[in-house]
Number of protein chains: 2
Amino acid sequence: MTAGGRLYGLGIGPGDPELITLKALRLLRSAAVVAYPAPEIGESLVRSIAASYLSSTQEEFAIRLPMSPERFPAETVYDRAAEVLGRHLAAGRDVAVLCEGDPFFYGSFMYLFARLAKRFPVEAVPGVSSLTACAGALEMPLAARNDVFSIVPAPLSAEAITARIRESDAAAVIKVGRHFAKVREVLAGLDLLPQARYIEHASMASQRILPLTKVDPTDVPYFSMILVHRRGEAWT
Amino acid sequence: MTAGGRLYGLGIGPGDPELITLKALRLLRSAAVVAYPAPEIGESLVRSIAASYLSSTQEEFAIRLPMSPERFPAETVYDRAAEVLGRHLAAGRDVAVLCEGDPFFYGSFMYLFARLAKRFPVEAVPGVSSLTACAGALEMPLAARNDVFSIVPAPLSAEAITARIRESDAAAVIKVGRHFAKVREVLAGLDLLPQARYIEHASMASQRILPLTKVDPTDVPYFSMILVHRRGEAWT
């Protein structure tokens with residue numbers, strides 16, 4: 001491990017800027033370099049969440065992820081980002097990487113961690129994940145006592161989603177997006193539609209809560225989630 | 001719904017006082033009444049986490065949970081707490097209930113929510129859960145891409161824990177405590193010991209990380225967790 005700056009993966013929380021922790025805010029403000037994922041063109045969502053905490057004296061680095069990953073794989077993007085950020089760290093500059101939710105919970109920070117943790121001191125600062133932000137906004141406790149709780153990505157097959165939900169007391173189906181119709185069918189097949197709740201953009205200004213029956217399957221964003229508890233209410 | 005104060009379930013985070021959110025801190029400081037779970041005798045853990053943020057002008061209410069629940073059931077305790085807090089709310093006083101981690105993720109706040117949400121405005125403010133705090137401290141990303149991630153309480157049977165872990169890409173076994181030996185045996189049976197990590201009291205001063213082979217099964221606290229990822233590293 002060389003002397004140098006520290007790399008921080010900062011959990012910025014689910015969207016409401018006030019859901020950042022004191023620790024992430026302190027480290028964000030003291031970092032010389034601030035990096036964040038961004039689309040190939042346009043604004044970074046996580047940067048917009050943290051915008052009011054940034055200073056014009058900080059150097060910014062957008063990790064731009066390509067729209068067509070087959071032509072330009074993400075590995076190349078992270079290799080190059082690790083190279084750029086590694087130069088800052090080697091020069092003794094602390095680098096803060098902004099992470100939506102939590103850095104180690106389905107987040108892209110782990111790809112930088114994998115590339116830089118052997119050479120530099122790295123700290124992942126946990127943040128409020130969208131999982132519990134969705135629960136709070138839906139006023140729906142996720143799990144209690146000895147409940148088994150599963151997080152199931154919607155891109156999986158209907159069979160896989162069915163099996164994982166069937167084996168759990170409660171579940172969160174994440175990354176719903178264009179898979180909404182399939183997930184709704186799975187829940188109907190399990191007779192769990194009345195116990196399921198839908199939310200998009202939890203804690204953001206654009207937050208929307210809809211009954212599953214009212215959701216237009218062609219208009220479901222990536223940042224959407226379906227929560228379901230077999231007993232209807234976790235506390236029963 | 002009557003006019004009156006608001007009830008807040010405030011996620012205080014996993015133990016490090018700096019892992020509170022700006023929102024929880026603001027609402028905590030502005031509440032006239034602060035309530036928290038506590039043992040029958042002695043100090044409340046969650047109050048000790050938030051102690052530096054409390055003011056002597058705030059009224060405090062300890063929800064003391066009995067050591068022998070068969071003699072004095074928790075239901076009675078929450079009924080009585082809801083009665084006391086309900087009087088404050090009816091008198092127009094805001095009540096903040098301190099919750100370790102997140103209020104709706106295996107937390108006891110839901111029992112107050114169940115009793116008071118129909119009569120008073122209630123808000124659950126999400127917090128950093130021990131789940132992601134453990135991942136950060138272990139430097140172990142929990143899940144990536146389309147991983148199925150399961151949260152499995154250790155008091156379940158060895159058969160149930162085996163099945164739930166087998167069906168997941170990654171898992172957190174929570175509430176390990178006196179169930180450690182059973183869980184270690186389950187992981188050995190699944191050939192997952194090398195991919196499993198143990199931690200207790202994540203983010204607290206008493207935090208301890210040990211190889212599973214070095215843990216004394218008779219000395220495992222309730223606030224302990226075992227994380228396991230089938231691939232060893234989530235990013236691969």
# chains A, B, ... in the order shown; residues from 1 in each chain; ligands from 1
call {"tool": "interface_residues", "arguments": {"of": "chain B", "to": "chain A", "cutoff": "6 Å", "atoms": "only C-alpha atoms", "output": "ChimeraX atom specification"}}
result
/B:18-23,104-106,124,126-128,132-133,136,141-144,146,148-153
call {"tool": "write_last_selection", "arguments": {"atoms": "C-alpha atoms", "output": "PDB file, in the first residue's frame"}}
result
ATOM      1  CA  GLU B  18     -22.005  10.341  12.955  1.00  0.00           C
ATOM      2  CA  LEU B  19     -24.088   7.932  10.860  1.00  0.00           C
ATOM      3  CA  ILE B  20     -27.302   9.786  11.692  1.00  0.00           C
ATOM      4  CA  THR B  21     -28.900  11.672   8.792  1.00  0.00           C
ATOM      5  CA  LEU B  22     -29.371  15.438   8.703  1.00  0.00           C
ATOM      6  CA  LYS B  23     -33.125  14.853   8.626  1.00  0.00           C
ATOM      7  CA  PHE B 104     -39.004  -0.359   9.490  1.00  0.00           C
ATOM      8  CA  PHE B 105     -36.252  -2.967   9.108  1.00  0.00           C
ATOM      9  CA  TYR B 106     -36.668  -5.537  11.916  1.00  0.00           C
ATOM     10  CA  ALA B 124     -40.762   6.857   9.525  1.00  0.00           C
ATOM     11  CA  PRO B 126     -35.164   5.937   7.106  1.00  0.00           C
ATOM     12  CA  GLY B 127     -31.725   5.356   8.588  1.00  0.00           C
ATOM     13  CA  VAL B 128     -28.527   3.503   7.810  1.00  0.00           C
ATOM     14  CA  THR B 132     -24.836  -1.939   5.074  1.00  0.00           C
ATOM     15  CA  ALA B 133     -22.772  -0.801   8.073  1.00  0.00           C
ATOM     16  CA  GLY B 136     -18.753  -1.243   4.906  1.00  0.00           C
ATOM     17  CA  PRO B 141     -19.872  -5.441  -1.147  1.00  0.00           C
ATOM     18  CA  LEU B 142     -23.184  -7.180  -0.442  1.00  0.00           C
ATOM     19  CA  ALA B 143     -24.707  -7.702  -3.865  1.00  0.00           C
ATOM     20  CA  ALA B 144     -24.384  -6.612  -7.477  1.00  0.00           C
ATOM     21  CA  ASN B 146     -29.008  -9.391 -10.639  1.00  0.00           C
ATOM     22  CA  VAL B 148     -30.677 -12.334  -5.132  1.00  0.00           C
ATOM     23  CA  PHE B 149     -29.855 -11.220  -1.592  1.00  0.00           C
ATOM     24  CA  SER B 150     -31.560 -12.736   1.459  1.00  0.00           C
ATOM     25  CA  ILE B 151     -31.717 -11.689   5.073  1.00  0.00           C
ATOM     26  CA  VAL B 152     -31.994 -14.776   7.235  1.00  0.00           C
ATOM     27  CA  PRO B 153     -32.562 -14.640  11.020  1.00  0.00           C
TER      28      PRO B 153
END
call {"tool": "select_by_dssp", "arguments": {"residues": "region 106-155 of chain B", "states": "strand (DSSP E or B)", "output": "PDB file with C-alpha atoms, in the first residue's frame"}}
result
ATOM      1  CA  VAL B 122     -46.707   9.368  11.657  1.00  0.00           C
ATOM      2  CA  GLU B 123     -43.480   9.515   9.670  1.00  0.00           C
ATOM      3  CA  ALA B 124     -40.762   6.857   9.525  1.00  0.00           C
ATOM      4  CA  VAL B 125     -37.461   8.539   8.665  1.00  0.00           C
ATOM      5  CA  ALA B 143     -24.707  -7.702  -3.865  1.00  0.00           C
ATOM      6  CA  PHE B 149     -29.855 -11.220  -1.592  1.00  0.00           C
ATOM      7  CA  SER B 150     -31.560 -12.736   1.459  1.00  0.00           C
ATOM      8  CA  ILE B 151     -31.717 -11.689   5.073  1.00  0.00           C
ATOM      9  CA  VAL B 152     -31.994 -14.776   7.235  1.00  0.00           C
ATOM     10  CA  PRO B 153     -32.562 -14.640  11.020  1.00  0.00           C
TER      11      PRO B 153
END
call {"tool": "select_by_dssp", "arguments": {"residues": "region 95-149 of chain B", "states": "alpha helix (DSSP H)", "output": "list of chain:residue names"}}
result
B:Phe109, B:Met110, B:Tyr111, B:Leu112, B:Phe113, B:Ala114, B:Arg115, B:Leu116, B:Ser130, B:Leu131, B:Thr132, B:Ala133, B:Cys134, B:Ala135, B:Gly136, B:Ala137, B:Leu138
call {"tool": "atom_distance", "arguments": {"atom1": "CA of Ile226 (chain A)", "atom2": "CA of Val46 (chain A)"}}
result
21.9 Å
